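Trainee: This is the structure I want to talk about, given as structure tokens.
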Amino acid sequence: GYLPDALLNYLLLLGWSLDDRTEEFTREEMLRRIVDTSPDCIATLDLDARLLWMSKPCRRAMQFDDAQDIAGMPWLDQWQGVDLAHAKAAVAAALEGGTGRFIGFAPTAQEAERWWDVIVTAITGLEGKPERLLMVSRDITALKHAETASRESEGNKYAIVQSALDCIITVDHEGRITEFNPAAESTFDHARADVIGKRYDLLIAPSLREQYRQHLERYLATGETTLLGRRFETTALRADGSQFAEVHGLEQVRLAGAVRPRHEHDARLERKL
């Protein structure tokens, strides 16, 4: 079914504060008003992907002057490199009756950097053949910047973990190891690949493992522990079975532990263990 023009016109009049003399919109004006309330960039193209019309929000997003005539501008010219290839593929998909979609970079008319999530579809005539193309794009520049910042932050964290002199080990809620940095490999004589996914207590002296399990179970059940944010001395276990004293610190980042061997090369201490 469809919404009759009269009812659509009535709903539109409810949505805008107009002068008392305005009682009716043409169908074209109704559609224009709907489109101009959308935050998306909406434009129509001819079958050669040249601009025919662009919504007011789209003009603002693309930083076109209000008086600038955009009719006939090649829409594909704003794209470069791989984004141009994706734009051409989207147009081709629309011409074949499908939907083309891609994410690409295209600067505005004033050379401001913008990233767009773009959808291209066909507007068909009575015979079902494409007569024009509809392009709808959303400015996702802020999202792209946030993703870049997140990746850079993660990269910095990874570099810190990999270069740290202390052993940095992270475990999940089941007590299984999810990260094991080079310092931990050197200290415990375990290769990272050999311990990832295994329980953390394989690095703890056997006499202390039950105590460790109880602490973990209590923390997961209640969220309470006396160990987080503190440094304490405990006894750790190397791959060859030898034990050594360590200064242990726990922080809540998927239960991350920082381990610092204490007097590791003191033979007298290791004999006592």
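Each chain in the structure tokens gets a letter, A, B and so on, in the order shown; residues start at 1 in every chain, and ligands are counted from 1 in the order they appear.
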What's around Arg138 in chain A at 10 Å? Count only C-alpha atoms, leave out sequence neighbours fewer than 3 positions away in its own chain, and write the answer as JSON, numbers by chain.
Mentor: {"A": [39, 40, 41, 42, 58, 61, 103, 114, 115, 116, 117, 118, 119, 141]}
Trainee: Can you work out which one of A:Ala236, A:Thr222, A:Ala71, A:Gly125 has the shortest atom-to-atom distance to Cys167 in chain A, counting only C-alpha atoms?
Mentor: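 Using only C-alpha atoms, Cys167 in chain A sits closest to A:Ala236.
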Trainee: Using DSSP on the backbone coordinates, identify all residues within range 30-248 of chain A classified as helix (DSSP H, G or I); present the result as an MDAnalysis selection string.
Mentor: chainID A and resid 30:36 56:62 75:78 81:95 141:163 182:188 192:195 200:203 206:222
Trainee: Which of range 39-226 of chain A end up as strand (DSSP E or B) when DSSP is run on this backbone - answer as a CSV table (one decimal) with C-alpha atoms, in the first residue's frame?
Mentor:
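Writing the result to states17.csv gives the following:
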```csv
chain,number,residue,atom,x,y,z
A,41,CYS,CA,23.6,13.5,2.1
A,42,ILE,CA,21.0,12.7,-0.5
A,43,ALA,CA,21.5,13.4,-4.3
A,44,THR,CA,20.2,12.2,-7.6
A,45,LEU,CA,22.5,11.4,-10.5
A,50,ARG,CA,26.5,13.2,-13.2
A,51,LEU,CA,24.8,15.3,-10.4
A,52,LEU,CA,21.2,16.4,-11.0
A,53,TRP,CA,20.1,17.5,-7.6
A,54,MET,CA,21.5,17.6,-4.0
A,74,PRO,CA,30.6,14.3,-12.5
A,100,GLY,CA,26.0,-0.5,-4.4
A,101,ARG,CA,27.6,0.3,-1.1
A,102,PHE,CA,31.1,1.3,0.0
A,103,ILE,CA,33.1,3.4,2.5
A,104,GLY,CA,35.4,5.9,1.0
A,105,PHE,CA,37.3,9.2,1.4
A,115,TRP,CA,34.9,9.9,5.1
A,116,TRP,CA,31.6,8.7,3.7
A,117,ASP,CA,29.4,5.6,4.0
A,118,VAL,CA,27.7,5.5,0.5
A,119,ILE,CA,24.7,3.7,-0.9
A,120,VAL,CA,23.7,3.9,-4.6
A,121,THR,CA,20.4,2.6,-6.0
A,122,ALA,CA,18.4,3.0,-9.2
A,123,ILE,CA,15.2,5.1,-9.5
A,124,THR,CA,13.2,3.1,-12.1
A,130,PRO,CA,16.7,2.7,-14.3
A,131,GLU,CA,16.0,6.4,-15.2
A,132,ARG,CA,18.1,8.0,-12.5
A,133,LEU,CA,20.4,7.0,-9.6
A,134,LEU,CA,19.8,7.8,-6.0
A,135,MET,CA,22.9,8.4,-3.9
A,136,VAL,CA,22.7,8.5,-0.1
A,137,SER,CA,25.8,9.0,2.0
A,138,ARG,CA,26.5,9.6,5.6
A,139,ASP,CA,29.5,11.5,7.0
A,167,CYS,CA,56.8,-9.6,33.1
A,168,ILE,CA,53.3,-8.6,31.9
A,169,ILE,CA,50.7,-11.4,31.9
A,170,THR,CA,47.0,-11.1,31.3
A,171,VAL,CA,44.4,-13.7,32.1
A,176,ARG,CA,43.5,-18.6,31.3
A,177,ILE,CA,46.5,-16.7,29.9
A,178,THR,CA,45.7,-14.3,27.1
A,179,GLU,CA,49.0,-12.3,26.9
A,180,PHE,CA,52.6,-13.2,27.8
A,199,ARG,CA,45.7,-21.7,33.2
A,204,ILE,CA,52.6,-20.6,40.5
```
Trainee: Can you tell me which residues surround Ala184 in chain A at a distance of at most 9 Å, considering only C-alpha atoms, apart from same-chain residues fewer than 5 positions away, and format the answer as a ChimeraX atom specification?
Mentor: /A:165-169,189-192,259
Trainee: Okay, now the selection with N, CA and C atoms, as a PDB file, in the first residue's frame?
Mentor:
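The resulting result.pdb:
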```pdb
ATOM      1  N   LEU A 165      60.380  -4.234  30.853  1.00  0.00           N
ATOM      2  CA  LEU A 165      61.345  -5.098  31.535  1.00  0.00           C
ATOM      3  C   LEU A 165      60.650  -6.037  32.505  1.00  0.00           C
ATOM      4  N   ASP A 166      59.504  -5.610  33.050  1.00  0.00           N
ATOM      5  CA  ASP A 166      58.725  -6.474  33.926  1.00  0.00           C
ATOM      6  C   ASP A 166      57.948  -7.492  33.091  1.00  0.00           C
ATOM      7  N   CYS A 167      57.649  -8.616  33.714  1.00  0.00           N
ATOM      8  CA  CYS A 167      56.777  -9.601  33.075  1.00  0.00           C
ATOM      9  C   CYS A 167      55.345  -9.061  33.127  1.00  0.00           C
ATOM     10  N   ILE A 168      54.663  -9.036  31.984  1.00  0.00           N
ATOM     11  CA  ILE A 168      53.265  -8.618  31.939  1.00  0.00           C
ATOM     12  C   ILE A 168      52.453  -9.773  31.384  1.00  0.00           C
ATOM     13  N   ILE A 169      51.513 -10.223  32.198  1.00  0.00           N
ATOM     14  CA  ILE A 169      50.702 -11.388  31.856  1.00  0.00           C
ATOM     15  C   ILE A 169      49.243 -11.018  32.071  1.00  0.00           C
ATOM     16  N   ASP A 189      60.835 -19.055  31.301  1.00  0.00           N
ATOM     17  CA  ASP A 189      61.355 -20.046  30.357  1.00  0.00           C
ATOM     18  C   ASP A 189      60.242 -20.761  29.596  1.00  0.00           C
ATOM     19  N   HIS A 190      59.144 -20.083  29.386  1.00  0.00           N
ATOM     20  CA  HIS A 190      58.032 -20.601  28.583  1.00  0.00           C
ATOM     21  C   HIS A 190      57.916 -19.754  27.314  1.00  0.00           C
ATOM     22  N   ALA A 191      57.733 -20.384  26.161  1.00  0.00           N
ATOM     23  CA  ALA A 191      57.426 -19.639  24.949  1.00  0.00           C
ATOM     24  C   ALA A 191      55.982 -19.156  25.021  1.00  0.00           C
ATOM     25  N   ARG A 192      55.714 -17.979  24.484  1.00  0.00           N
ATOM     26  CA  ARG A 192      54.365 -17.413  24.530  1.00  0.00           C
ATOM     27  C   ARG A 192      53.335 -18.378  23.944  1.00  0.00           C
ATOM     28  N   VAL A 259      54.718  -8.942  36.895  1.00  0.00           N
ATOM     29  CA  VAL A 259      55.582  -9.758  37.742  1.00  0.00           C
ATOM     30  C   VAL A 259      57.009  -9.229  37.652  1.00  0.00           C
TER      31      VAL A 259
END
```
Trainee: Have a look at A:Ala142, A:Ala112, A:Leu202, A:Val195 and name the one nearest to Leu237 in chain A; count only C-alpha atoms.
Mentor: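 The answer is A:Leu202, which sits nearest to Leu237 in chain A.
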